[in-house]
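A.B. asks: As input, take work-v2.csv (CSV, C-alpha atoms):
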```
chain,number,residue,atom,x,y,z
A,1061,MET,CA,86.1,117.7,289.8
A,1062,ASN,CA,84.4,115.7,287.0
A,1063,GLY,CA,81.1,116.6,285.6
A,1064,ARG,CA,79.0,117.1,282.5
A,1065,VAL,CA,78.3,120.5,280.9
A,1066,SER,CA,75.2,120.7,278.8
A,1067,HIS,CA,75.7,122.5,275.5
A,1068,ARG,CA,72.6,123.9,273.7
A,1069,LEU,CA,73.0,123.1,270.0
A,1070,ARG,CA,73.4,126.2,267.9
A,1071,CYS,CA,71.6,126.2,264.6
A,1072,LEU,CA,72.0,128.6,261.7
A,1073,ILE,CA,69.1,128.7,259.1
A,1074,THR,CA,68.7,130.8,256.0
A,1075,ALA,CA,65.2,131.3,254.7
A,1076,GLY,CA,63.1,133.1,252.1
A,1077,PRO,CA,64.2,134.8,248.8
A,1078,THR,CA,66.8,137.3,248.2
A,1079,ARG,CA,66.3,140.5,246.1
A,1080,GLU,CA,68.9,141.8,243.7
A,1081,HIS,CA,68.1,145.4,242.9
A,1082,LEU,CA,68.3,146.9,239.4
A,1083,ASP,CA,67.4,150.3,240.8
A,1084,PRO,CA,65.7,151.6,244.0
A,1085,VAL,CA,62.3,150.2,242.9
A,1086,ARG,CA,62.9,147.1,240.6
A,1087,PHE,CA,64.6,143.9,241.6
A,1088,LEU,CA,65.2,140.3,240.6
A,1089,SER,CA,63.8,137.7,243.0
A,1090,ASN,CA,61.7,134.5,243.2
A,1091,GLY,CA,58.5,133.2,244.7
A,1092,SER,CA,59.9,131.7,247.9
A,1093,SER,CA,57.6,132.4,250.9
A,1094,GLY,CA,60.2,131.4,253.6
A,1095,ARG,CA,57.7,129.0,255.2
A,1096,MET,CA,60.0,126.0,255.1
A,1097,GLY,CA,62.9,127.8,256.7
A,1098,TYR,CA,60.7,129.4,259.3
A,1099,ALA,CA,59.1,126.0,260.1
A,1100,LEU,CA,62.6,124.5,260.6
A,1101,ALA,CA,63.5,127.4,262.9
A,1102,GLU,CA,60.4,127.0,265.0
A,1103,ALA,CA,60.9,123.2,265.3
A,1104,ALA,CA,64.6,123.7,266.2
A,1105,ALA,CA,63.7,126.2,268.9
A,1106,ALA,CA,61.1,123.8,270.3
A,1107,ARG,CA,63.9,121.3,270.8
A,1108,GLY,CA,65.7,123.8,272.9
A,1109,TRP,CA,68.3,124.7,270.3
A,1110,ARG,CA,69.8,128.2,270.0
A,1111,VAL,CA,68.6,129.3,266.5
A,1112,ASP,CA,69.8,132.1,264.3
A,1113,LEU,CA,67.5,132.7,261.3
A,1114,VAL,CA,68.9,134.8,258.5
A,1115,SER,CA,65.9,135.8,256.5
A,1116,GLY,CA,65.3,137.4,253.2
A,1117,PRO,CA,62.2,139.6,252.7
A,1118,VAL,CA,59.1,137.6,253.7
A,1119,ALA,CA,55.6,138.2,255.1
A,1120,LEU,CA,55.9,135.9,258.1
A,1121,PRO,CA,56.0,136.6,261.9
A,1122,PRO,CA,59.3,135.8,263.6
A,1123,PRO,CA,59.2,132.3,265.2
A,1124,ARG,CA,59.2,132.4,269.0
A,1125,GLY,CA,62.6,132.0,270.7
A,1126,VAL,CA,64.5,132.5,267.4
A,1127,ASN,CA,67.1,135.2,266.7
A,1128,VAL,CA,66.0,136.7,263.3
A,1129,HIS,CA,68.5,138.6,261.2
A,1130,PRO,CA,66.7,140.3,258.2
A,1131,VAL,CA,68.6,140.8,255.0
A,1132,VAL,CA,67.8,141.6,251.4
A,1133,SER,CA,70.5,140.6,248.9
A,1134,ALA,CA,72.6,137.5,248.5
A,1135,GLY,CA,75.7,139.5,249.5
A,1136,GLN,CA,74.0,140.7,252.7
A,1137,MET,CA,72.9,137.2,253.5
A,1138,PHE,CA,76.5,135.9,253.2
A,1139,GLU,CA,77.9,138.7,255.3
A,1140,MET,CA,75.4,137.9,258.0
A,1141,CYS,CA,75.9,134.1,257.8
A,1142,GLU,CA,79.7,134.2,257.8
A,1143,PRO,CA,80.4,134.9,261.4
A,1144,LEU,CA,77.3,132.9,262.6
A,1145,PHE,CA,78.5,129.8,260.7
A,1146,VAL,CA,81.7,129.6,262.7
A,1147,GLN,CA,79.7,129.3,265.9
A,1148,CYS,CA,77.0,126.9,264.7
A,1149,ASP,CA,76.6,123.1,265.1
A,1150,LEU,CA,74.2,122.7,262.2
A,1151,PHE,CA,73.7,124.9,259.2
A,1152,PHE,CA,70.5,124.6,257.1
A,1153,ALA,CA,70.7,126.5,253.8
A,1154,VAL,CA,67.0,126.7,253.0
A,1155,ALA,CA,66.9,130.2,251.4
A,1156,ALA,CA,66.2,130.5,247.7
A,1157,VAL,CA,69.2,132.7,247.0
A,1158,ALA,CA,69.3,134.5,243.6
A,1159,ASP,CA,72.0,133.0,241.4
A,1160,TYR,CA,72.6,136.3,239.6
A,1161,ARG,CA,72.6,140.0,240.2
A,1162,PRO,CA,72.7,143.0,237.9
A,1163,LYS,CA,76.3,144.0,237.1
A,1164,SER,CA,75.4,147.7,237.7
A,1165,VAL,CA,72.6,149.2,239.8
A,1166,SER,CA,71.0,152.5,238.9
A,1167,PRO,CA,70.8,155.0,241.7
A,1168,GLU,CA,67.6,156.3,240.3
A,1169,LYS,CA,64.6,154.7,238.6
A,1170,PRO,CA,65.1,155.0,234.9
A,1171,GLY,CA,62.2,156.4,232.9
A,1172,LYS,CA,60.2,154.2,230.5
A,1173,SER,CA,61.7,154.6,227.0
A,1174,GLY,CA,59.7,152.0,225.1
A,1175,ARG,CA,63.0,150.5,223.7
A,1176,PRO,CA,64.5,147.1,224.6
A,1177,ARG,CA,66.9,147.3,227.5
A,1178,ARG,CA,69.9,145.1,227.9
A,1179,LEU,CA,70.5,143.7,231.3
A,1180,VAL,CA,74.0,142.3,232.2
A,1181,LEU,CA,74.0,139.8,235.1
A,1182,VAL,CA,76.9,138.4,237.1
A,1183,PRO,CA,76.9,135.5,239.5
A,1184,THR,CA,76.2,136.0,243.2
A,1185,ILE,CA,78.3,134.3,245.8
A,1186,ASP,CA,77.4,130.6,246.4
A,1187,ILE,CA,76.7,130.9,250.1
A,1188,LEU,CA,76.2,127.2,250.8
A,1189,LYS,CA,79.3,126.0,248.8
A,1190,THR,CA,81.5,128.7,250.3
A,1191,LEU,CA,80.6,128.0,253.9
A,1192,ALA,CA,80.5,124.2,253.5
A,1193,ALA,CA,84.1,124.4,252.4
A,1194,ARG,CA,85.0,125.9,255.8
A,1195,LYS,CA,83.2,123.2,257.7
A,1196,GLN,CA,84.9,122.2,260.9
A,1197,PRO,CA,84.9,118.6,262.4
A,1198,GLY,CA,81.5,117.9,264.0
A,1199,GLN,CA,79.6,120.6,262.1
A,1200,ILE,CA,76.6,119.4,260.0
A,1201,VAL,CA,75.7,121.2,256.8
A,1202,VAL,CA,72.3,120.6,255.1
A,1203,GLY,CA,71.5,122.0,251.7
A,1204,PHE,CA,68.1,122.3,250.0
A,1205,ALA,CA,67.5,121.8,246.3
A,1206,ALA,CA,64.3,123.1,244.7
A,1207,GLU,CA,64.1,121.5,241.2
A,1208,THR,CA,61.7,121.2,238.4
A,1209,HIS,CA,63.2,118.1,236.7
A,1210,ASP,CA,65.7,115.3,237.3
A,1211,LEU,CA,65.2,115.8,241.0
A,1212,GLU,CA,67.3,113.1,242.5
A,1213,ALA,CA,70.2,113.3,240.0
A,1214,ARG,CA,70.5,117.1,240.4
A,1215,ALA,CA,70.3,116.9,244.2
A,1216,ARG,CA,73.0,114.2,244.4
A,1217,ARG,CA,75.3,116.3,242.2
A,1218,LYS,CA,74.9,119.2,244.6
A,1219,LEU,CA,75.4,117.0,247.6
A,1220,GLU,CA,78.8,115.8,246.2
A,1221,GLU,CA,80.0,119.1,244.5
A,1222,LYS,CA,79.3,121.2,247.6
A,1223,LYS,CA,80.5,118.6,250.1
A,1224,LEU,CA,77.3,118.5,252.1
A,1225,ASP,CA,76.3,116.1,254.8
A,1226,TRP,CA,72.6,116.1,253.7
A,1227,ILE,CA,70.5,117.6,251.0
A,1228,VAL,CA,66.7,118.1,251.0
A,1229,ALA,CA,65.3,117.9,247.5
A,1230,ASN,CA,61.8,118.9,246.4
A,1231,ASP,CA,60.0,119.2,243.1
A,1232,VAL,CA,58.6,122.7,242.9
A,1233,SER,CA,56.8,121.9,239.7
A,1234,ARG,CA,54.2,119.8,241.6
A,1235,PRO,CA,51.0,121.8,242.2
A,1236,GLY,CA,50.4,122.8,245.8
A,1237,LEU,CA,53.8,121.7,247.0
A,1238,GLY,CA,57.2,123.5,247.7
A,1239,MET,CA,57.7,127.1,247.0
A,1240,ASN,CA,55.1,129.5,248.3
A,1241,ALA,CA,52.9,126.6,249.5
A,1242,ASP,CA,51.8,125.3,252.9
A,1243,ASP,CA,52.8,121.7,252.2
A,1244,ASN,CA,55.9,120.0,250.9
A,1245,ALA,CA,57.1,116.6,249.8
A,1246,VAL,CA,60.9,116.0,250.1
A,1247,LEU,CA,63.6,113.5,249.3
A,1248,LEU,CA,66.3,113.6,252.0
A,1249,LEU,CA,69.7,112.3,250.7
A,1250,GLY,CA,72.7,111.7,253.0
A,1251,ARG,CA,76.4,111.6,252.3
A,1252,GLY,CA,76.5,108.1,253.8
A,1253,GLY,CA,74.0,106.8,251.3
A,1254,ASP,CA,70.7,107.5,253.1
A,1255,ARG,CA,67.7,108.0,250.9
A,1256,LEU,CA,64.4,108.9,252.7
A,1257,ALA,CA,61.2,110.3,251.2
A,1258,TYR,CA,58.6,112.2,253.2
A,1259,GLY,CA,55.3,113.8,252.4
A,1260,PRO,CA,53.2,115.4,251.1
A,1261,ALA,CA,52.7,116.9,254.5
A,1262,PRO,CA,52.5,120.4,256.2
A,1263,LYS,CA,55.8,122.1,256.3
A,1264,SER,CA,55.8,121.9,260.1
A,1265,ALA,CA,55.7,118.1,259.9
A,1266,VAL,CA,58.4,118.1,257.2
A,1267,ALA,CA,60.6,120.2,259.5
A,1268,GLY,CA,60.2,117.7,262.3
A,1269,PHE,CA,61.0,114.9,259.9
A,1270,ILE,CA,64.2,116.6,258.7
A,1271,LEU,CA,65.5,117.5,262.2
A,1272,GLY,CA,64.7,114.0,263.4
A,1273,LYS,CA,66.9,112.5,260.7
A,1274,VAL,CA,69.9,114.9,260.7
A,1275,ALA,CA,70.1,115.7,264.4
A,1276,PRO,CA,70.5,112.5,266.4
A,1277,ALA,CA,74.3,112.3,266.0
A,1278,SER,CA,74.8,115.9,266.8
A,1279,GLU,CA,72.4,116.4,269.8
A,1280,THR,CA,75.1,115.1,272.2
A,1281,ARG,CA,77.9,117.1,270.6
A,1282,GLY,CA,79.2,119.8,272.8
A,1283,ASN,CA,78.7,117.8,276.1
A,1284,SER,CA,82.2,117.6,277.5
A,1285,SER,CA,83.8,116.3,280.7
A,1286,LEU,CA,85.6,118.7,283.0
```
Would you mind giving the structure from this file in structure tokens?

C.D. replies:
Amino acid sequence: MNGRVSHRLRCLITAGPTREHLDPVRFLSNGSSGRMGYALAEAAAARGWRVDLVSGPVALPPPRGVNVHPVVSAGQMFEMCEPLFVQCDLFFAVAAVADYRPKSVSPEKPGKSGRPRRLVLVPTIDILKTLAARKQPGQIVVGFAAETHDLEARARRKLEEKKLDWIVANDVSRPGLGMNADDNAVLLLGRGGDRLAYGPAPKSAVAGFILGKVAPASETRGNSSL
């Protein structure tokens, strides 16, 4: 018997910041609110996709119809994403992952000494680059680049070095846009030479724009003849 089997696209999204603890109280982090990743998750769920959202610490309600996996550190985010990536059709690496973590973590909060303190940092795992290197035929990997200068040049370098299909670049030095803001303006660059600008606009609208550009070739993937 011949027929068509509908396959709900499976989408993996990372969002928010990570925290790299120095001790039980203090940590290294950044100002990411998670709004862009959450907007993408909500828009993807509205399309009927199955969405796994791996989220760092944020103050946002979980999007309706989305499987939310809370994590704290870059290491925890990678451990959560690794098995989910194998199952996904699209991967959006939106999270502002800390590039470094303390080499050692104190089990207790040190007292204030008044003297300078030396902090040794070591690189965290590059989640996007590591998973993109494992990409299977048909999978689409979308990176995000939050930059303060040389936006397009730096984004193109990441697109090539990390072997991505698309990268979404935004200038976080622009007032009222990007990190911890309601609106965003993005430059979407594709491996095939696409160059598309969008915004300023609410992050919900930006999410719809991104999905509309990266999804068309993949929305029929997974439909197979029996």

A.B. asks: Hey, what's within 10 Å of A:Ala1105 if we count only C-alpha atoms and toss same-chain stuff fewer than 3 positions away? As a VMD selection string, please?

C.D. replies: chain A and resid 1069 to 1071 1099 to 1102 1108 to 1112 1123 to 1127

A.B. asks: Rounded to one decimal place, report the atom CA of A:Gly1097-atom CA of A:Asp1225 distance in Å.

C.D. replies: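 Atom-to-atom, atom CA of A:Gly1097 to atom CA of A:Asp1225, that is 17.9 Å.
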
A.B. asks: What does the structure give for the distance between atom CA of A:Arg1255 and atom CA of A:Ala1215, in Å to one decimal?

C.D. replies: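 According to the coordinates, atom CA of A:Arg1255 and atom CA of A:Ala1215 are separated by 11.4 Å.
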
A.B. asks: For A:Phe1269, which of A:Thr1184, A:Ser1164, A:Asn1244, A:Ser1133 is the closest residue, counting only C-alpha atoms?

C.D. replies: A:Asn1244

A.B. asks: Extract, using only C-alpha atoms, all DNA, RNA and protein residues at most 10 Å from A:Ala1119, discarding same-chain residues fewer than 5 positions from it, and format them as a list in words.

C.D. replies: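 Here the answer would be Gly1076, Ser1093, Gly1094 and Arg1095 of chain A.
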
A.B. asks: With C-alpha atoms retained, write the just-selected residues as a PDB file, in the coordinates of the input.

C.D. replies:
```
ATOM      1  CA  GLY A1076      63.100 133.100 252.100  1.00  0.00           C
ATOM      2  CA  SER A1093      57.600 132.400 250.900  1.00  0.00           C
ATOM      3  CA  GLY A1094      60.200 131.400 253.600  1.00  0.00           C
ATOM      4  CA  ARG A1095      57.700 129.000 255.200  1.00  0.00           C
TER       5      ARG A1095
END
```

A.B. asks: Please report the interatomic distance between atom CA of A:Pro1130 and atom CA of A:Ser1115 in Å with one decimal.

C.D. replies: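 Going from atom CA of A:Pro1130 over to atom CA of A:Ser1115, I get 4.9 Å.
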
A.B. asks: When you count only C-alpha atoms, which of these residues is closest to A:His1081: A:Leu1181, A:Ala1245, A:Met1239, A:Leu1271?

C.D. replies: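 Checking each of A:Leu1181, A:Ala1245, A:Met1239, A:Leu1271 against A:His1081, counting only C-alpha atoms, the winner is A:Leu1181.
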
A.B. asks: Counting all atoms listed in the file, which of A:Ala1257, A:Ala1241, A:Leu1072, A:Val1266 gets nearest to A:Gln1147?

C.D. replies: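 Closest candidate: A:Leu1072.
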
A.B. asks: Could you add the missing atoms to stretch 1160-1183 of chain A, up to N, CA and C atoms, and return them as a JSON list (two decimals), in the frame of the given file?

C.D. replies:
```
[["chain", "number", "residue", "atom", "x", "y", "z"],
["A", 1160, "TYR", "N", 72.02, 135.17, 240.30],
["A", 1160, "TYR", "CA", 72.60, 136.30, 239.60],
["A", 1160, "TYR", "C", 72.15, 137.61, 240.12],
["A", 1161, "ARG", "N", 72.94, 138.64, 239.90],
["A", 1161, "ARG", "CA", 72.60, 140.00, 240.20],
["A", 1161, "ARG", "C", 72.97, 140.92, 239.09],
["A", 1162, "PRO", "N", 72.33, 142.08, 238.98],
["A", 1162, "PRO", "CA", 72.70, 143.00, 237.90],
["A", 1162, "PRO", "C", 74.18, 143.47, 238.12],
["A", 1163, "LYS", "N", 74.89, 143.58, 237.03],
["A", 1163, "LYS", "CA", 76.30, 144.00, 237.10],
["A", 1163, "LYS", "C", 76.37, 145.45, 237.63],
["A", 1164, "SER", "N", 75.39, 146.28, 237.26],
["A", 1164, "SER", "CA", 75.40, 147.70, 237.70],
["A", 1164, "SER", "C", 73.95, 147.96, 238.23],
["A", 1165, "VAL", "N", 73.88, 148.82, 239.25],
["A", 1165, "VAL", "CA", 72.60, 149.20, 239.80],
["A", 1165, "VAL", "C", 72.42, 150.70, 239.64],
["A", 1166, "SER", "N", 71.30, 151.07, 239.08],
["A", 1166, "SER", "CA", 71.00, 152.50, 238.90],
["A", 1166, "SER", "C", 70.64, 153.16, 240.18],
["A", 1167, "PRO", "N", 71.22, 154.32, 240.49],
["A", 1167, "PRO", "CA", 70.80, 155.00, 241.70],
["A", 1167, "PRO", "C", 69.46, 155.61, 241.68],
["A", 1168, "GLU", "N", 68.90, 155.74, 240.48],
["A", 1168, "GLU", "CA", 67.60, 156.30, 240.30],
["A", 1168, "GLU", "C", 66.74, 155.36, 239.40],
["A", 1169, "LYS", "N", 65.43, 155.45, 239.52],
["A", 1169, "LYS", "CA", 64.60, 154.70, 238.60],
["A", 1169, "LYS", "C", 64.58, 155.26, 237.23],
["A", 1170, "PRO", "N", 65.05, 154.48, 236.24],
["A", 1170, "PRO", "CA", 65.10, 155.00, 234.90],
["A", 1170, "PRO", "C", 63.64, 155.21, 234.35],
["A", 1171, "GLY", "N", 63.48, 156.17, 233.49],
["A", 1171, "GLY", "CA", 62.20, 156.40, 232.90],
["A", 1171, "GLY", "C", 61.89, 155.34, 231.81],
["A", 1172, "LYS", "N", 60.64, 155.18, 231.48],
["A", 1172, "LYS", "CA", 60.20, 154.20, 230.50],
["A", 1172, "LYS", "C", 60.49, 154.77, 229.09],
["A", 1173, "SER", "N", 61.34, 154.06, 228.34],
["A", 1173, "SER", "CA", 61.70, 154.60, 227.00],
["A", 1173, "SER", "C", 60.96, 153.89, 225.89],
["A", 1174, "GLY", "N", 60.42, 152.69, 226.16],
["A", 1174, "GLY", "CA", 59.70, 152.00, 225.10],
["A", 1174, "GLY", "C", 60.68, 151.15, 224.24],
["A", 1175, "ARG", "N", 61.98, 151.25, 224.49],
["A", 1175, "ARG", "CA", 63.00, 150.50, 223.70],
["A", 1175, "ARG", "C", 63.47, 149.31, 224.54],
["A", 1176, "PRO", "N", 63.97, 148.25, 223.86],
["A", 1176, "PRO", "CA", 64.50, 147.10, 224.60],
["A", 1176, "PRO", "C", 65.69, 147.57, 225.49],
["A", 1177, "ARG", "N", 65.80, 146.94, 226.60],
["A", 1177, "ARG", "CA", 66.90, 147.30, 227.50],
["A", 1177, "ARG", "C", 67.73, 146.06, 227.78],
["A", 1178, "ARG", "N", 69.02, 146.22, 227.66],
["A", 1178, "ARG", "CA", 69.90, 145.10, 227.90],
["A", 1178, "ARG", "C", 70.33, 145.05, 229.34],
["A", 1179, "LEU", "N", 70.20, 143.86, 229.94],
["A", 1179, "LEU", "CA", 70.50, 143.70, 231.30],
["A", 1179, "LEU", "C", 71.68, 142.70, 231.47],
["A", 1180, "VAL", "N", 72.79, 143.14, 232.03],
["A", 1180, "VAL", "CA", 74.00, 142.30, 232.20],
["A", 1180, "VAL", "C", 73.95, 141.75, 233.64],
["A", 1181, "LEU", "N", 74.01, 140.43, 233.77],
["A", 1181, "LEU", "CA", 74.00, 139.80, 235.10],
["A", 1181, "LEU", "C", 75.30, 139.12, 235.38],
["A", 1182, "VAL", "N", 75.66, 139.12, 236.65],
["A", 1182, "VAL", "CA", 76.90, 138.40, 237.10],
["A", 1182, "VAL", "C", 76.49, 137.51, 238.26],
["A", 1183, "PRO", "N", 77.24, 136.42, 238.47],
["A", 1183, "PRO", "CA", 76.90, 135.50, 239.50],
["A", 1183, "PRO", "C", 76.98, 136.09, 240.92]]
```
